[in-house]
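Novice: Have a look at this one before I ask anything.
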Amino acid sequence: MKSKQLKFLVGSVAILVALVYFGYQGFNESMSYFQTVPELYSSGEKAFDRRIKVQGEVVKGSIRREGASTVFTIGPTDFKPPQGFVPGPDTQTLQIRYVGTDVIPDTFRDYASAIVTGHMKKDGTFEGTFIQAQCASKYEREAAAGVTAANQ
Amino acid sequence: MAQLGQFALAMAFIVAIYGIVASLIGIRSGNDKLIASGRNAAICNTVAISTAIFTLAYLFLTNDFSVAYVAGHSSVDLPLHFKISSVWGGQEGSLLFWSWILTVYSALVIFQNRNKHRAMMPYVTAVLTGTSLFFTSLHLFVANPFKVGAIQMPGGAINLFRPNDGAGLNPLLQDTLMVIHPPLLYAGMVGLAVPYAFAIAALITRQLGDTWIRTTRRWTMATWGILGIGILLGGKWAYRELGWGGYWAWDPVENASLMPWLIGTAFLHSVMVQEKKGMLKVWNVCLVVAAYTMSIFGTMLTRSGLVESVHAFAKSDIGGYFMAFIVVTLSASAYLIIDRLPYLKPDNQMGSVVSRESSFMFNNLVLLVSCFAILWGTMFPVISEWYNGDKITVGAPFFNRVNVPIAIFLLFLTGVGPLLAWRKASTNSLKRNFLIPAIIALASGVPLYFLGVNHFYAWLSLVMSIFVGITIIREFYKGAQARAYGTGERFHEAIVNLTLRNTRRYGGYIIHFGFVLLFVGWSGQAFSEKVRLPESRIGDKFQLHQYDLRVEDMGVREGPNYAAQYATVSLYEYGKKIAVMSPEWRKYGGRDQQGTTEVAIMSNLKTDIYLVFQGSTDGVSGDFTIYYNPLVMWVWIGGTILAIGTLIALLPNRQTTGRKSQSTKDRETEEIGQTV
């Protein structure tokens, strides 16, 4: 009986060790820092050598195509870009150049909440390789704007 | 009408409290009338919640935009079936829908068992009604679907507000799959409350044999199947609607539905050990508690905005209430389990490492590790932020690295487990059952490799699929042959009768076979390719493996509520024209400036050619992305077979003659838990 239990134990531990190792590998391969634009700016120099997922709202009218890449700016919620505005830490906005090969999701548009995976570059722009975007919350927010739900 | 909904919710709240109290006091004091009254209160709860949800549906159908939830999720021109699906299209409504399914299940359970399990049923009623009460409080106090719109005026006065039209339903959700996918997911997740309620009742009444398991077997099976199909349909929706060429992305919301399914899978298997051998009793109650908690947790994950997700609803403060409910559920269940440990002793000892029970044990081990890894990966941003302030996320590579080997190991067990003997499998039986399938599978591994399957896991998964596929087909063949010989039936009749006489076993094999096909489909992913073709013009040609695509035409057309740029692309295989594909780039009116892709998919048993058109800026050249996705079709075929297998496993066994035998008695016990 004892040796049987030992066999189970050894088998289970072997499986677990292997899986933990695989998990560790996958973790290192895919870990990234999830930050908002202000958090990204406040992390200073560290931002340059990390893989980052940066989140912000797509600034209205900022999306344009440049050859094979798409350039756009993300910033705080409901940000109204002033005349001659340049993205940067002053306005807590960030210019992103998307160079990935994945199709940009349909949900990606003005005011969408975008999460871009990539790296911060020394020139202050962000090079993105993957975009996730969510617009459902915007729909709900629009509906709620001016319509503050109240109990009867 | 909104007042009716509001009133129904208030009624539900009151009768639920009464139902719980009456059931508990009734059983404690042995007062049958009070027990019956508690049961009736639970039924009234069902009626009240049903009234609420039908009222909400009515508000949608009549475009009553004075109700904020209706104004936020519908519009006058929305087609009828989407108006109905908008009922569960947002936070408040989907929670109400959850409640509704739960109360309908409660009523069914109470009806089925009206003359059975006298000691357990009041507790079952109390647990189910308790869960319902939690959700009713959410509807009433936190996320009320019947709130009316109002504007706060300068100076603080509140004016009622009724827009002329609603905000509409997100175009991505205007897809028939989105009408059925969420209800299936809920029906699956909510169903886990039933075995949980019975487990708790069994713990309280110390009736810890296999009664509670037999009673709920069909519930568990049905809800497990529905949840699985719901998950797959969600994948199918993502595949055809989102335009990124895949169907699973390890997004937190996807994970939220997968975790309870994984634990449910473990539970479905380990209960067999308890039924047959009287072992793993503690384990099974723990699993059912975990499965139920995971379904509540998953519901919370989708709705609280706790973890960033592309699918989640708006951020809300609902998470705290869920967390409190989960903590209460877990601590009460844990207390009960620990207190009743003496009643949960196993009747038998574990057999050899090569035995049926141990294959179940390894199945459970890796399913739980898989669930835990997914939970860990999903929650890691929260854990790491709590630990040192940095929100660290992990992506698909983490989930795949852990889960792909687990999945292949499970596939292996799928083939081996059902044919191993209980206690200890003899070397002879191992040879008899597995030698031929193993040789064939390994032998076909060689040509597979030379055909280009040079990705290790994909190769292993395909070889394993062949191995498992053969063992399953042989089981049917051997069984049918023996039956045909014994009864004189023809072979195909023998297969049908064999299956119908032992639905649980052969339904199980069919489910396993569905999984084999799912693995074939998943293996194809290792060979997916993507080509991006910016600025292509009419007449341009591209080649991808044996396929040639030629852009024939590009233009503009008007749809009912959108304007589309379209492209017409001919698809040739080995130079022979096999399809004309017309992907579109649509712009819906108003808020939708960026456009939506309508992908064109050519799908056959070998490959999907998935074509995305992202419009043209100058009218002469357009952007295309082509995905070459081998074997995807097998995922949907596998899913269909999974559904069929589940249905068969739910059927009662067909009997030969009317003799009142032991098996008839078994059937009677089994039918207690029958769902439909």
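Residues are referred to by chain and number: the chain letter is A, B, ... according to the order shown in the structure tokens, the number counts from 1 in that chain, and ligands are numbered separately from 1 in the order shown.
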Go through segment 367-531 of chain B and collect every residue that DSSP, computed from the backbone, puts in strand (DSSP E); the answer should be as JSON, numbers by chain.

Specialist: {"B": [392, 393, 529, 530, 531]}

Novice: Could the residues of chain B within 7 Å of chain A, counting only C-alpha atoms, be given as a count of residues only, please?

Specialist: 35

Novice: Taking the DSSP secondary structure from the backbone, can you list the residues of segment 5-165 of chain B that are alpha helix (DSSP H), as a PyMOL selection string?

Specialist: chain B and resi 5-29+32-61+68-73+80-86+91-112+121-137

Novice: Pick from B:Arg39, B:Lys116, B:His73, B:Lys83: nearest to Gly166 of chain B, with only C-alpha atoms counted?

Specialist: B:His73

Novice: Would you mind reading off the distance between atom CA of Val289 of chain B and atom CA of Trp250 of chain B, one decimal, in Å?

Specialist: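 Pair atom CA of Val289 of chain B / atom CA of Trp250 of chain B returns 24.2 Å.
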
Novice: May I have the residues within 8 Å of Leu611 of chain B as a list in words, using only C-alpha atoms and disregarding those fewer than 3 positions away in the same chain?

Specialist: Met581, Pro583, Val599, Ala600, Ile601, Phe624, Thr625, Ile626 and Tyr627 of chain B

Novice: Can you tell me which residues surround Leu138 of chain B at a distance of at most 10 Å, considering only C-alpha atoms, apart from same-chain residues fewer than 2 positions away, and format the answer as an mmCIF file with N, CA and C atoms, in the first residue's frame?

Specialist:
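Output file part23.cif is given in full below:
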data_model
loop_
_atom_site.group_PDB
_atom_site.id
_atom_site.type_symbol
_atom_site.label_atom_id
_atom_site.label_comp_id
_atom_site.auth_asym_id
_atom_site.auth_seq_id
_atom_site.Cartn_x
_atom_site.Cartn_y
_atom_site.Cartn_z
ATOM 1 N N GLU B 92 -27.287 45.047 -16.050
ATOM 2 C CA GLU B 92 -28.457 44.827 -15.196
ATOM 3 C C GLU B 92 -29.328 43.698 -15.717
ATOM 4 N N LEU B 95 -27.834 40.159 -15.364
ATOM 5 C CA LEU B 95 -27.948 39.635 -13.997
ATOM 6 C C LEU B 95 -29.365 39.135 -13.722
ATOM 7 N N LEU B 96 -30.340 39.897 -14.213
ATOM 8 C CA LEU B 96 -31.728 39.471 -14.026
ATOM 9 C C LEU B 96 -31.981 38.157 -14.758
ATOM 10 N N SER B 132 -30.725 32.853 -5.042
ATOM 11 C CA SER B 132 -31.635 33.738 -5.750
ATOM 12 C C SER B 132 -31.809 35.053 -4.995
ATOM 13 N N LEU B 133 -31.885 34.954 -3.665
ATOM 14 C CA LEU B 133 -32.062 36.159 -2.837
ATOM 15 C C LEU B 133 -30.886 37.116 -3.025
ATOM 16 N N PHE B 134 -29.680 36.556 -3.088
ATOM 17 C CA PHE B 134 -28.502 37.397 -3.302
ATOM 18 C C PHE B 134 -28.652 38.189 -4.604
ATOM 19 N N PHE B 135 -29.051 37.494 -5.663
ATOM 20 C CA PHE B 135 -29.182 38.196 -6.948
ATOM 21 C C PHE B 135 -30.329 39.198 -6.928
ATOM 22 N N THR B 136 -31.431 38.831 -6.264
ATOM 23 C CA THR B 136 -32.550 39.775 -6.188
ATOM 24 C C THR B 136 -32.114 41.053 -5.474
ATOM 25 N N LEU B 140 -32.341 44.857 -6.901
ATOM 26 C CA LEU B 140 -33.078 45.911 -6.206
ATOM 27 C C LEU B 140 -32.183 47.068 -5.801
ATOM 28 N N PHE B 141 -30.982 46.750 -5.298
ATOM 29 C CA PHE B 141 -30.207 47.803 -4.649
ATOM 30 C C PHE B 141 -28.965 48.249 -5.416
ATOM 31 N N VAL B 142 -28.453 47.433 -6.329
ATOM 32 C CA VAL B 142 -27.187 47.799 -6.966
ATOM 33 C C VAL B 142 -27.315 47.999 -8.475
ATOM 34 N N ALA B 143 -27.906 47.050 -9.142
ATOM 35 C CA ALA B 143 -27.976 47.139 -10.598
ATOM 36 C C ALA B 143 -29.419 46.933 -11.023
ATOM 37 N N ASN B 144 -30.218 47.967 -10.864
ATOM 38 C CA ASN B 144 -31.653 47.822 -11.112
ATOM 39 C C ASN B 144 -32.000 48.051 -12.584
ATOM 40 N N ILE B 318 -19.988 46.379 -8.358
ATOM 41 C CA ILE B 318 -20.740 45.185 -8.008
ATOM 42 C C ILE B 318 -19.831 44.099 -7.425
ATOM 43 N N TYR B 321 -19.924 43.043 -3.601
ATOM 44 C CA TYR B 321 -21.057 42.225 -3.163
ATOM 45 C C TYR B 321 -20.821 40.765 -3.522
ATOM 46 N N PHE B 322 -20.316 40.565 -4.740
ATOM 47 C CA PHE B 322 -20.018 39.193 -5.169
ATOM 48 C C PHE B 322 -18.966 38.571 -4.263
#

Novice: What's around Ser426 of chain B at 12 Å? Count only C-alpha atoms, leave out sequence neighbours fewer than 3 positions away in its own chain, and write the answer as a list in words.

Specialist: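 The residues satisfying every condition are Ser352, Val353, Val354, Ser355, Arg356, Leu419, Leu420, Ala421, Trp422, Arg423, Ser429, Leu430, Lys431, Arg432 and Asn433 of chain B.
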
Novice: Those residues with C-alpha atoms, as a JSON list (two decimals), in the first residue's frame please?

Specialist:
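Saved result, selection_15.json, follows:
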[["chain", "number", "residue", "atom", "x", "y", "z"],
["B", 352, "SER", "CA", -2.97, 0.27, -8.65],
["B", 353, "VAL", "CA", -1.39, 3.13, -10.62],
["B", 354, "VAL", "CA", -2.62, 1.47, -13.80],
["B", 355, "SER", "CA", -6.32, 1.28, -12.97],
["B", 356, "ARG", "CA", -9.53, 3.07, -13.76],
["B", 419, "LEU", "CA", -10.80, 0.71, -20.96],
["B", 420, "LEU", "CA", -8.74, 0.21, -17.83],
["B", 421, "ALA", "CA", -10.11, -2.18, -15.25],
["B", 422, "TRP", "CA", -11.03, -0.96, -11.79],
["B", 423, "ARG", "CA", -8.43, -1.82, -9.08],
["B", 429, "SER", "CA", -5.82, -6.56, -21.05],
["B", 430, "LEU", "CA", -3.50, -3.62, -21.70],
["B", 431, "LYS", "CA", -2.05, -5.43, -24.71],
["B", 432, "ARG", "CA", -5.45, -6.51, -25.95],
["B", 433, "ASN", "CA", -6.93, -3.02, -25.73]]

Novice: Looking at only C-alpha atoms, which of B:Leu549, B:Val307, B:Ile440, B:Cys44 is the one that sits closest to Phe380 of chain B?

Specialist: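 Of B:Leu549, B:Val307, B:Ile440, B:Cys44, the one nearest Phe380 of chain B is B:Val307, counting only C-alpha atoms.
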
Novice: Which polymer residues have any atom within 7 Å of an atom of Ala52 of chain B, counting only C-alpha atoms, with same-chain residues fewer than 4 positions away left out, as a CSV table (one decimal) with C-alpha atoms, in the first residue's frame?

Specialist:
chain,number,residue,atom,x,y,z
B,5,GLY,CA,-41.0,45.0,-12.7
B,8,ALA,CA,-42.1,41.9,-8.9
B,9,LEU,CA,-38.5,42.3,-7.7
B,48,ALA,CA,-42.0,36.9,-9.4
B,56,LEU,CA,-38.3,43.9,-19.0

Novice: Would you work out the distance separating atom CA of Arg97 of chain A from atom CA of Ala112 of chain A, expressed in Å to one decimal?

Specialist: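 Straight-line distance from atom CA of Arg97 of chain A to atom CA of Ala112 of chain A works out to 16.4 Å.
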
Novice: For Pro182 of chain B, please output as a PyMOL selection string all residues within 10 Å (counting only C-alpha atoms; exclusion window: fewer than 6 positions along the same chain).

Specialist: chain B and resi 85+88-89+94+97-98+188+227+230-231+233-234
